[in-house]
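**Student:** Provided below: input.cif, containing mmCIF, N, CA and C atoms.
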```
data_upload
loop_
_atom_site.label_atom_id
_atom_site.label_comp_id
_atom_site.auth_asym_id
_atom_site.auth_seq_id
_atom_site.Cartn_x
_atom_site.Cartn_y
_atom_site.Cartn_z
N MET A 1 -40.99 -12.58 -11.81
CA MET A 1 -40.51 -11.20 -11.89
C MET A 1 -39.37 -10.96 -10.90
N LEU A 2 -39.53 -11.50 -9.69
CA LEU A 2 -38.50 -11.32 -8.67
C LEU A 2 -37.22 -12.04 -9.06
N ARG A 3 -37.37 -13.22 -9.64
CA ARG A 3 -36.21 -13.97 -10.08
C ARG A 3 -35.48 -13.21 -11.19
N PHE A 4 -36.20 -12.61 -12.09
CA PHE A 4 -35.60 -11.83 -13.17
C PHE A 4 -34.80 -10.66 -12.60
N ALA A 5 -35.35 -9.95 -11.60
CA ALA A 5 -34.66 -8.82 -10.98
C ALA A 5 -33.37 -9.28 -10.31
N PHE A 6 -33.45 -10.41 -9.63
CA PHE A 6 -32.27 -10.95 -8.96
C PHE A 6 -31.19 -11.31 -9.98
N VAL A 7 -31.57 -11.93 -11.08
CA VAL A 7 -30.62 -12.31 -12.12
C VAL A 7 -29.98 -11.07 -12.74
N VAL A 8 -30.76 -10.03 -12.97
CA VAL A 8 -30.23 -8.80 -13.55
C VAL A 8 -29.22 -8.15 -12.60
N VAL A 9 -29.57 -8.04 -11.32
CA VAL A 9 -28.66 -7.44 -10.34
C VAL A 9 -27.38 -8.27 -10.24
N PHE A 10 -27.51 -9.58 -10.20
CA PHE A 10 -26.35 -10.46 -10.10
C PHE A 10 -25.45 -10.32 -11.33
N THR A 11 -26.06 -10.27 -12.52
CA THR A 11 -25.30 -10.16 -13.76
C THR A 11 -24.56 -8.82 -13.83
N LEU A 12 -25.24 -7.74 -13.49
CA LEU A 12 -24.59 -6.43 -13.53
C LEU A 12 -23.46 -6.33 -12.51
N THR A 13 -23.67 -6.88 -11.34
CA THR A 13 -22.63 -6.86 -10.31
C THR A 13 -21.42 -7.67 -10.75
N THR A 14 -21.66 -8.84 -11.31
CA THR A 14 -20.57 -9.67 -11.79
C THR A 14 -19.81 -8.98 -12.91
N ALA A 15 -20.53 -8.35 -13.83
CA ALA A 15 -19.88 -7.63 -14.92
C ALA A 15 -19.04 -6.47 -14.40
N LEU A 16 -19.53 -5.77 -13.38
CA LEU A 16 -18.79 -4.66 -12.80
C LEU A 16 -17.52 -5.14 -12.13
N LEU A 17 -17.61 -6.22 -11.38
CA LEU A 17 -16.45 -6.71 -10.65
C LEU A 17 -15.42 -7.36 -11.56
N LEU A 18 -15.86 -7.95 -12.66
CA LEU A 18 -14.94 -8.63 -13.56
C LEU A 18 -14.51 -7.78 -14.74
N ALA A 19 -14.89 -6.52 -14.75
CA ALA A 19 -14.52 -5.62 -15.85
C ALA A 19 -13.00 -5.49 -15.89
N PRO A 20 -12.44 -5.40 -17.09
CA PRO A 20 -10.98 -5.29 -17.19
C PRO A 20 -10.49 -3.98 -16.58
N SER A 21 -9.49 -4.11 -15.76
CA SER A 21 -8.87 -2.94 -15.16
C SER A 21 -7.39 -3.23 -15.00
N SER A 22 -6.63 -2.18 -14.76
CA SER A 22 -5.21 -2.40 -14.57
C SER A 22 -4.99 -3.18 -13.28
N SER A 23 -4.15 -4.18 -13.37
CA SER A 23 -3.93 -5.00 -12.19
C SER A 23 -2.88 -4.35 -11.30
N VAL A 24 -3.14 -4.39 -10.02
CA VAL A 24 -2.24 -3.81 -9.04
C VAL A 24 -2.00 -4.85 -7.95
N ALA A 25 -0.76 -5.11 -7.69
CA ALA A 25 -0.43 -6.04 -6.62
C ALA A 25 -0.30 -5.25 -5.33
N PHE A 26 -0.82 -5.80 -4.27
CA PHE A 26 -0.74 -5.15 -2.98
C PHE A 26 -0.15 -6.14 -2.00
N ASP A 27 0.95 -5.78 -1.40
CA ASP A 27 1.63 -6.66 -0.47
C ASP A 27 1.70 -5.97 0.88
N LEU A 28 1.16 -6.64 1.90
CA LEU A 28 1.17 -6.05 3.24
C LEU A 28 2.57 -5.96 3.81
N PHE A 29 3.46 -6.82 3.37
CA PHE A 29 4.81 -6.86 3.91
C PHE A 29 5.84 -6.33 2.92
N ALA A 30 5.42 -5.43 2.06
CA ALA A 30 6.31 -4.91 1.02
C ALA A 30 7.37 -4.01 1.65
N THR A 31 8.58 -4.14 1.15
CA THR A 31 9.66 -3.25 1.55
C THR A 31 10.32 -2.72 0.30
N HIS A 32 10.94 -1.58 0.44
CA HIS A 32 11.66 -0.96 -0.66
C HIS A 32 13.14 -0.94 -0.29
N GLU A 33 13.97 -1.40 -1.20
CA GLU A 33 15.40 -1.31 -0.96
C GLU A 33 15.87 0.06 -1.41
N VAL A 34 16.43 0.80 -0.48
CA VAL A 34 16.86 2.17 -0.75
C VAL A 34 18.38 2.23 -0.66
N THR A 35 19.00 2.83 -1.66
CA THR A 35 20.45 3.03 -1.66
C THR A 35 20.73 4.52 -1.63
N VAL A 36 21.54 4.93 -0.67
CA VAL A 36 21.90 6.34 -0.51
C VAL A 36 23.42 6.43 -0.63
N GLN A 37 23.89 7.44 -1.36
CA GLN A 37 25.32 7.66 -1.47
C GLN A 37 25.64 9.02 -0.88
N PHE A 38 26.46 9.01 0.15
CA PHE A 38 26.86 10.24 0.83
C PHE A 38 28.20 10.71 0.29
N ALA A 39 28.35 12.04 0.20
CA ALA A 39 29.60 12.64 -0.29
C ALA A 39 29.92 13.87 0.53
N THR A 40 31.18 14.25 0.51
CA THR A 40 31.60 15.47 1.20
C THR A 40 31.23 16.67 0.33
N GLN A 41 31.51 17.86 0.82
CA GLN A 41 31.17 19.07 0.07
C GLN A 41 31.95 19.18 -1.25
N ASP A 42 33.13 18.60 -1.28
CA ASP A 42 33.91 18.66 -2.52
C ASP A 42 33.66 17.46 -3.43
N GLY A 43 32.66 16.62 -3.10
CA GLY A 43 32.24 15.54 -3.98
C GLY A 43 32.90 14.19 -3.73
N LYS A 44 33.79 14.11 -2.76
CA LYS A 44 34.43 12.83 -2.45
C LYS A 44 33.49 11.96 -1.62
N PRO A 45 33.54 10.64 -1.81
CA PRO A 45 32.65 9.75 -1.04
C PRO A 45 32.93 9.84 0.46
N LEU A 46 31.87 9.82 1.24
CA LEU A 46 31.98 9.84 2.70
C LEU A 46 32.11 8.38 3.15
N ALA A 47 33.33 7.85 3.07
CA ALA A 47 33.57 6.43 3.34
C ALA A 47 33.59 6.13 4.83
N ASN A 48 33.07 4.97 5.20
CA ASN A 48 33.07 4.44 6.56
C ASN A 48 32.47 5.42 7.58
N ALA A 49 31.42 6.12 7.15
CA ALA A 49 30.76 7.07 8.05
C ALA A 49 29.62 6.36 8.79
N GLU A 50 29.35 6.80 9.99
CA GLU A 50 28.24 6.24 10.79
C GLU A 50 26.93 6.82 10.27
N VAL A 51 25.97 5.93 9.95
CA VAL A 51 24.70 6.35 9.36
C VAL A 51 23.55 6.03 10.30
N GLN A 52 22.63 6.98 10.44
CA GLN A 52 21.39 6.78 11.18
C GLN A 52 20.24 7.11 10.22
N VAL A 53 19.24 6.20 10.17
CA VAL A 53 18.09 6.39 9.29
C VAL A 53 16.85 6.56 10.15
N PHE A 54 16.07 7.59 9.84
CA PHE A 54 14.87 7.92 10.60
C PHE A 54 13.62 7.68 9.74
N PRO A 55 12.60 7.03 10.29
CA PRO A 55 11.38 6.75 9.51
C PRO A 55 10.52 8.00 9.35
N PRO A 56 9.53 7.95 8.47
CA PRO A 56 8.63 9.10 8.30
C PRO A 56 7.90 9.43 9.60
N GLY A 57 7.87 10.69 9.94
CA GLY A 57 7.13 11.14 11.12
C GLY A 57 7.90 11.05 12.42
N ASP A 58 9.12 10.52 12.43
CA ASP A 58 9.89 10.41 13.66
C ASP A 58 11.33 10.79 13.35
N GLY A 59 11.66 12.04 13.56
CA GLY A 59 13.00 12.52 13.26
C GLY A 59 13.96 12.44 14.42
N LYS A 60 13.55 11.79 15.50
CA LYS A 60 14.41 11.74 16.69
C LYS A 60 14.98 10.36 16.98
N THR A 61 14.21 9.31 16.66
CA THR A 61 14.62 7.95 16.99
C THR A 61 15.02 7.20 15.72
N PRO A 62 16.32 6.89 15.58
CA PRO A 62 16.72 6.15 14.39
C PRO A 62 16.25 4.69 14.46
N THR A 63 15.77 4.19 13.33
CA THR A 63 15.33 2.79 13.29
C THR A 63 16.39 1.90 12.67
N ILE A 64 17.27 2.49 11.88
CA ILE A 64 18.32 1.72 11.21
C ILE A 64 19.64 2.47 11.40
N THR A 65 20.67 1.74 11.74
CA THR A 65 22.01 2.31 11.87
C THR A 65 23.00 1.42 11.12
N GLY A 66 24.13 1.99 10.79
CA GLY A 66 25.16 1.22 10.11
C GLY A 66 26.27 2.13 9.63
N ARG A 67 27.08 1.63 8.69
CA ARG A 67 28.21 2.40 8.16
C ARG A 67 28.19 2.36 6.63
N THR A 68 28.68 3.43 6.03
CA THR A 68 28.78 3.48 4.58
C THR A 68 29.96 2.62 4.12
N ASP A 69 29.92 2.23 2.84
CA ASP A 69 31.04 1.46 2.29
C ASP A 69 32.12 2.42 1.77
N ALA A 70 33.09 1.90 1.04
CA ALA A 70 34.21 2.72 0.56
C ALA A 70 33.76 3.79 -0.44
N GLN A 71 32.62 3.55 -1.13
CA GLN A 71 32.10 4.55 -2.07
C GLN A 71 31.11 5.51 -1.42
N GLY A 72 30.91 5.40 -0.13
CA GLY A 72 29.97 6.26 0.59
C GLY A 72 28.53 5.81 0.47
N LYS A 73 28.30 4.56 0.03
CA LYS A 73 26.94 4.06 -0.15
C LYS A 73 26.44 3.34 1.09
N PHE A 74 25.14 3.49 1.32
CA PHE A 74 24.47 2.79 2.43
C PHE A 74 23.13 2.29 1.90
N VAL A 75 22.84 1.01 2.15
CA VAL A 75 21.61 0.38 1.66
C VAL A 75 20.76 -0.02 2.86
N PHE A 76 19.45 0.28 2.79
CA PHE A 76 18.54 -0.14 3.85
C PHE A 76 17.18 -0.48 3.27
N GLU A 77 16.39 -1.20 4.04
CA GLU A 77 15.04 -1.60 3.65
C GLU A 77 14.03 -0.65 4.30
N ALA A 78 13.22 0.01 3.50
CA ALA A 78 12.17 0.89 4.00
C ALA A 78 10.86 0.11 3.99
N ASP A 79 10.23 -0.01 5.16
CA ASP A 79 9.00 -0.81 5.27
C ASP A 79 7.73 0.01 5.16
N GLN A 80 7.85 1.32 4.95
CA GLN A 80 6.66 2.15 4.76
C GLN A 80 6.97 3.29 3.81
N ASP A 81 5.94 3.78 3.14
CA ASP A 81 6.10 4.89 2.22
C ASP A 81 6.16 6.19 3.00
N GLY A 82 6.79 7.18 2.42
CA GLY A 82 6.89 8.49 3.04
C GLY A 82 8.29 9.05 2.90
N PHE A 83 8.56 10.15 3.60
CA PHE A 83 9.86 10.79 3.55
C PHE A 83 10.74 10.27 4.69
N TRP A 84 11.75 9.51 4.32
CA TRP A 84 12.74 9.01 5.27
C TRP A 84 13.90 10.00 5.29
N SER A 85 14.57 10.11 6.42
CA SER A 85 15.76 10.95 6.48
C SER A 85 16.93 10.10 6.96
N ALA A 86 18.10 10.42 6.45
CA ALA A 86 19.31 9.70 6.82
C ALA A 86 20.40 10.72 7.11
N GLU A 87 21.24 10.36 8.06
CA GLU A 87 22.32 11.25 8.46
C GLU A 87 23.59 10.43 8.56
N ALA A 88 24.65 10.89 7.90
CA ALA A 88 25.95 10.22 7.94
C ALA A 88 26.95 11.15 8.61
N LYS A 89 27.65 10.64 9.62
CA LYS A 89 28.65 11.42 10.35
C LYS A 89 30.03 10.84 10.06
N GLY A 90 30.85 11.64 9.38
CA GLY A 90 32.21 11.24 9.10
C GLY A 90 33.13 11.77 10.19
N ALA A 91 34.42 11.74 9.93
CA ALA A 91 35.40 12.22 10.91
C ALA A 91 35.22 13.71 11.20
N ASP A 92 34.98 14.50 10.15
CA ASP A 92 34.86 15.94 10.36
C ASP A 92 33.67 16.56 9.63
N GLN A 93 32.83 15.73 9.02
CA GLN A 93 31.69 16.26 8.28
C GLN A 93 30.42 15.46 8.58
N VAL A 94 29.28 16.14 8.39
CA VAL A 94 27.98 15.51 8.55
C VAL A 94 27.18 15.75 7.26
N ALA A 95 26.56 14.69 6.76
CA ALA A 95 25.73 14.81 5.56
C ALA A 95 24.32 14.32 5.90
N ARG A 96 23.32 15.09 5.48
CA ARG A 96 21.92 14.72 5.72
C ARG A 96 21.20 14.66 4.38
N VAL A 97 20.23 13.73 4.31
CA VAL A 97 19.47 13.58 3.08
C VAL A 97 18.05 13.16 3.41
N MET A 98 17.09 13.63 2.60
CA MET A 98 15.70 13.21 2.69
C MET A 98 15.41 12.32 1.49
N ILE A 99 14.76 11.17 1.74
CA ILE A 99 14.48 10.21 0.69
C ILE A 99 12.98 9.98 0.63
N ARG A 100 12.41 10.14 -0.55
CA ARG A 100 10.99 9.85 -0.73
C ARG A 100 10.85 8.39 -1.15
N VAL A 101 10.19 7.61 -0.33
CA VAL A 101 9.96 6.19 -0.62
C VAL A 101 8.51 6.04 -1.03
N GLY A 102 8.27 5.30 -2.11
CA GLY A 102 6.91 5.15 -2.63
C GLY A 102 6.65 6.27 -3.61
N GLY A 103 5.43 6.71 -3.66
CA GLY A 103 5.10 7.82 -4.56
C GLY A 103 3.89 7.51 -5.40
N GLU A 104 3.61 8.40 -6.34
CA GLU A 104 2.42 8.30 -7.17
C GLU A 104 2.40 7.03 -8.01
N ALA A 105 3.52 6.68 -8.62
CA ALA A 105 3.55 5.54 -9.53
C ALA A 105 3.31 4.23 -8.77
N GLN A 106 3.77 4.13 -7.54
CA GLN A 106 3.62 2.89 -6.80
C GLN A 106 2.31 2.83 -6.03
N GLN A 107 1.64 3.95 -5.89
CA GLN A 107 0.41 3.95 -5.12
C GLN A 107 -0.84 3.93 -5.99
N SER A 108 -0.67 3.85 -7.32
CA SER A 108 -1.85 3.83 -8.17
C SER A 108 -2.62 2.54 -7.96
N GLN A 109 -3.91 2.67 -7.79
CA GLN A 109 -4.74 1.51 -7.55
C GLN A 109 -5.88 1.52 -8.56
N SER A 110 -6.54 0.39 -8.69
CA SER A 110 -7.64 0.31 -9.63
C SER A 110 -8.80 1.17 -9.13
N TRP A 111 -9.75 1.43 -10.02
CA TRP A 111 -10.87 2.30 -9.68
C TRP A 111 -11.90 1.61 -8.81
N ILE A 112 -11.77 0.31 -8.61
CA ILE A 112 -12.71 -0.40 -7.76
C ILE A 112 -12.23 -0.30 -6.31
N SER A 113 -12.97 0.42 -5.53
CA SER A 113 -12.64 0.61 -4.14
C SER A 113 -13.06 -0.61 -3.32
N PRO A 114 -12.31 -0.97 -2.28
CA PRO A 114 -12.73 -2.07 -1.42
C PRO A 114 -14.09 -1.79 -0.78
N PHE A 115 -14.38 -0.53 -0.52
CA PHE A 115 -15.68 -0.17 0.07
C PHE A 115 -16.81 -0.46 -0.92
N LEU A 116 -16.55 -0.23 -2.21
CA LEU A 116 -17.54 -0.53 -3.23
C LEU A 116 -17.82 -2.04 -3.29
N VAL A 117 -16.77 -2.83 -3.26
CA VAL A 117 -16.93 -4.28 -3.31
C VAL A 117 -17.70 -4.78 -2.09
N ILE A 118 -17.33 -4.31 -0.90
CA ILE A 118 -18.02 -4.73 0.32
C ILE A 118 -19.48 -4.27 0.29
N GLY A 119 -19.73 -3.05 -0.19
CA GLY A 119 -21.10 -2.55 -0.28
C GLY A 119 -21.95 -3.37 -1.22
N VAL A 120 -21.40 -3.70 -2.39
CA VAL A 120 -22.16 -4.51 -3.36
C VAL A 120 -22.44 -5.89 -2.79
N LEU A 121 -21.45 -6.47 -2.13
CA LEU A 121 -21.66 -7.79 -1.52
C LEU A 121 -22.72 -7.74 -0.42
N ALA A 122 -22.74 -6.67 0.36
CA ALA A 122 -23.76 -6.53 1.41
C ALA A 122 -25.15 -6.40 0.79
N ILE A 123 -25.26 -5.65 -0.29
CA ILE A 123 -26.55 -5.51 -0.97
C ILE A 123 -27.00 -6.85 -1.53
N LEU A 124 -26.08 -7.59 -2.14
CA LEU A 124 -26.43 -8.91 -2.66
C LEU A 124 -26.85 -9.87 -1.55
N LEU A 125 -26.19 -9.80 -0.42
CA LEU A 125 -26.58 -10.64 0.71
C LEU A 125 -27.97 -10.27 1.21
N ALA A 126 -28.25 -8.97 1.31
CA ALA A 126 -29.58 -8.53 1.74
C ALA A 126 -30.65 -8.98 0.75
N LEU A 127 -30.36 -8.89 -0.55
CA LEU A 127 -31.31 -9.36 -1.56
C LEU A 127 -31.54 -10.86 -1.47
N ALA A 128 -30.47 -11.61 -1.22
CA ALA A 128 -30.61 -13.07 -1.11
C ALA A 128 -31.46 -13.45 0.10
N ILE A 129 -31.25 -12.78 1.22
CA ILE A 129 -32.04 -13.06 2.42
C ILE A 129 -33.49 -12.67 2.20
N TRP A 130 -33.72 -11.53 1.60
CA TRP A 130 -35.09 -11.08 1.32
C TRP A 130 -35.79 -12.05 0.38
N TYR A 131 -35.10 -12.49 -0.66
CA TYR A 131 -35.67 -13.43 -1.62
C TYR A 131 -36.00 -14.75 -0.93
N ARG A 132 -35.11 -15.22 -0.08
CA ARG A 132 -35.34 -16.48 0.65
C ARG A 132 -36.55 -16.35 1.57
N LEU A 133 -36.69 -15.26 2.27
CA LEU A 133 -37.85 -15.06 3.14
C LEU A 133 -39.14 -14.98 2.33
N LEU A 134 -39.10 -14.33 1.19
CA LEU A 134 -40.27 -14.23 0.32
C LEU A 134 -40.70 -15.61 -0.18
N ARG A 135 -39.75 -16.43 -0.58
CA ARG A 135 -40.06 -17.79 -1.04
C ARG A 135 -40.63 -18.63 0.09
N ALA A 136 -40.06 -18.50 1.29
CA ALA A 136 -40.55 -19.28 2.43
C ALA A 136 -41.99 -18.85 2.77
N ARG A 137 -42.30 -17.58 2.65
CA ARG A 137 -43.63 -17.09 2.95
C ARG A 137 -44.64 -17.59 1.92
N ASN A 138 -44.24 -17.66 0.65
CA ASN A 138 -45.14 -18.11 -0.40
C ASN A 138 -45.38 -19.63 -0.35
N ARG A 139 -44.46 -20.38 0.18
CA ARG A 139 -44.60 -21.85 0.25
C ARG A 139 -45.40 -22.29 1.47
N ARG A 140 -45.61 -21.41 2.39
CA ARG A 140 -46.36 -21.76 3.60
C ARG A 140 -47.80 -22.07 3.24
N PRO A 141 -48.32 -23.19 3.75
CA PRO A 141 -49.72 -23.51 3.44
C PRO A 141 -50.66 -22.46 4.05
N ARG A 142 -51.65 -22.10 3.25
CA ARG A 142 -52.62 -21.10 3.73
C ARG A 142 -53.76 -21.81 4.43
N SER A 143 -54.18 -21.27 5.53
CA SER A 143 -55.30 -21.89 6.27
C SER A 143 -56.50 -21.01 6.32
#
```
For this file, produce the structure as structure tokens.

**Tutor:**
Amino acid sequence: MLRFAFVVVFTLTTALLLAPSSSVAFDLFATHEVTVQFATQDGKPLANAEVQVFPPGDGKTPTITGRTDAQGKFVFEADQDGFWSAEAKGADQVARVMIRVGGEAQQSQSWISPFLVIGVLAILLALAIWYRLLRARNRRPRS
């Protein structure tokens, strides 16, 4: 009876973990390439302007600096999701922009939570230890 219960729990757990779900890749070192194009108020490109990029949550310390190209474009790598801000200073104008990196489409994950997987594995480990102790107790010679 105990063996049957263990097999049922193991089968259901395996079926739950191997159920088809949308696959999501997760990369700890993922970066997003962000391209920003700065322009003056009349729509002309802000060429060769000094650019400072600020990460989410820190609007005072720039993490990336550089210059725009002839079309007013600046490219940088964002290493975290959130609202980045960039500021370009030309000869007589300043342009500021907020960039949302990441978002709903990139953050969608499968319905299997890591906590669920760890919890199920802990329960299976506890069942395996309990079953092993029960078998050892039953095999002990009675005196």

**Student:** Which residues, named as in the file, does the PyMOL selection byres ((chain A and resi 91) around 8) pick out? Answer as a ChimeraX atom specification.

**Tutor:** /A:46-50,88-90,92-94

**Student:** For the selection you just gave me, I'd like the residues written to a file as a PDB file, in the coordinates of the input, keeping N, CA and C atoms.

**Tutor:**
```
ATOM      1  N   LEU A  46      31.870   9.820   1.240  1.00  0.00           N
ATOM      2  CA  LEU A  46      31.980   9.840   2.700  1.00  0.00           C
ATOM      3  C   LEU A  46      32.110   8.380   3.150  1.00  0.00           C
ATOM      4  N   ALA A  47      33.330   7.850   3.070  1.00  0.00           N
ATOM      5  CA  ALA A  47      33.570   6.430   3.340  1.00  0.00           C
ATOM      6  C   ALA A  47      33.590   6.130   4.830  1.00  0.00           C
ATOM      7  N   ASN A  48      33.070   4.970   5.200  1.00  0.00           N
ATOM      8  CA  ASN A  48      33.070   4.440   6.560  1.00  0.00           C
ATOM      9  C   ASN A  48      32.470   5.420   7.580  1.00  0.00           C
ATOM     10  N   ALA A  49      31.420   6.120   7.150  1.00  0.00           N
ATOM     11  CA  ALA A  49      30.760   7.070   8.050  1.00  0.00           C
ATOM     12  C   ALA A  49      29.620   6.360   8.790  1.00  0.00           C
ATOM     13  N   GLU A  50      29.350   6.800   9.990  1.00  0.00           N
ATOM     14  CA  GLU A  50      28.240   6.240  10.790  1.00  0.00           C
ATOM     15  C   GLU A  50      26.930   6.820  10.270  1.00  0.00           C
ATOM     16  N   ALA A  88      24.650  10.890   7.900  1.00  0.00           N
ATOM     17  CA  ALA A  88      25.950  10.220   7.940  1.00  0.00           C
ATOM     18  C   ALA A  88      26.950  11.150   8.610  1.00  0.00           C
ATOM     19  N   LYS A  89      27.650  10.640   9.620  1.00  0.00           N
ATOM     20  CA  LYS A  89      28.650  11.420  10.350  1.00  0.00           C
ATOM     21  C   LYS A  89      30.030  10.840  10.060  1.00  0.00           C
ATOM     22  N   GLY A  90      30.850  11.640   9.380  1.00  0.00           N
ATOM     23  CA  GLY A  90      32.210  11.240   9.100  1.00  0.00           C
ATOM     24  C   GLY A  90      33.130  11.770  10.190  1.00  0.00           C
ATOM     25  N   ASP A  92      34.980  14.500  10.150  1.00  0.00           N
ATOM     26  CA  ASP A  92      34.860  15.940  10.360  1.00  0.00           C
ATOM     27  C   ASP A  92      33.670  16.560   9.630  1.00  0.00           C
ATOM     28  N   GLN A  93      32.830  15.730   9.020  1.00  0.00           N
ATOM     29  CA  GLN A  93      31.690  16.260   8.280  1.00  0.00           C
ATOM     30  C   GLN A  93      30.420  15.460   8.580  1.00  0.00           C
ATOM     31  N   VAL A  94      29.280  16.140   8.390  1.00  0.00           N
ATOM     32  CA  VAL A  94      27.980  15.510   8.550  1.00  0.00           C
ATOM     33  C   VAL A  94      27.180  15.750   7.260  1.00  0.00           C
TER      34      VAL A  94
END
```

**Student:** Using only the atoms of stretch 37-43 of chain A listed in the file, plus 5 Å on each side, state the axis-aligned box centre and edge lengths in Å rounded to one decimal, as lines of an AutoDock Vina configuration file.

**Tutor:**
```
center_x = 28.9
center_y = 13.3
center_z = -1.4
size_x = 20.0
size_y = 21.7
size_z = 15.2
```

**Student:** Check what the PyMOL selection byres ((chain A and resi 56-64) around 7) selects in the file above and give those residues as a VMD selection string.

**Tutor:** chain A and resid 51 to 55 65 to 66 81 to 85

**Student:** Quote the spacing between atom CA of A:Glu77 and atom C of A:His32 in Å to one decimal place.

**Tutor:** 4.4 Å

**Student:** One number please: atom N of A:Phe38 to atom N of A:Lys73, in Å, one decimal.

**Tutor:**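 Straight-line distance from atom N of A:Phe38 to atom N of A:Lys73 works out to 4.8 Å.
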
**Student:** Just the number, please: distance in Å from atom CA of A:Ile99 to atom CA of A:Lys44, one decimal.

**Tutor:** 20.4 Å

**Student:** Under the rule that only C-alpha atoms are counted, which of A:Ile123, A:Ile112, A:Gly72, A:Arg67 is the nearest residue to A:Gly43?

**Tutor:**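 Result for the nearest residue to A:Gly43: A:Gly72.
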
**Student:** Expanded to explicit residues, what is the PyMOL selection byres ((chain A and resi 34) around 6) for this file, as a PyMOL selection string?

**Tutor:** chain A and resi 32-33+35-36+74-78

**Student:** Could you give me, as an mmCIF file with N, CA and C atoms, keeping the file's coordinate frame, the residues within 7 Å of A:Gln80, counting only N, CA and C atoms and dropping anything in the same chain fewer than 6 positions from it?

**Tutor:**
```cif
data_model
loop_
_atom_site.group_PDB
_atom_site.id
_atom_site.type_symbol
_atom_site.label_atom_id
_atom_site.label_comp_id
_atom_site.auth_asym_id
_atom_site.auth_seq_id
_atom_site.Cartn_x
_atom_site.Cartn_y
_atom_site.Cartn_z
ATOM 1 N N ALA A 30 5.420 -5.430 2.060
ATOM 2 C CA ALA A 30 6.310 -4.910 1.020
ATOM 3 C C ALA A 30 7.370 -4.010 1.650
ATOM 4 N N THR A 31 8.580 -4.140 1.150
ATOM 5 C CA THR A 31 9.660 -3.250 1.550
ATOM 6 C C THR A 31 10.320 -2.720 0.300
ATOM 7 N N HIS A 32 10.940 -1.580 0.440
ATOM 8 C CA HIS A 32 11.660 -0.960 -0.660
ATOM 9 C C HIS A 32 13.140 -0.940 -0.290
ATOM 10 N N VAL A 101 10.190 7.610 -0.330
ATOM 11 C CA VAL A 101 9.960 6.190 -0.620
ATOM 12 C C VAL A 101 8.510 6.040 -1.030
ATOM 13 N N GLY A 102 8.270 5.300 -2.110
ATOM 14 C CA GLY A 102 6.910 5.150 -2.630
ATOM 15 C C GLY A 102 6.650 6.270 -3.610
#
```
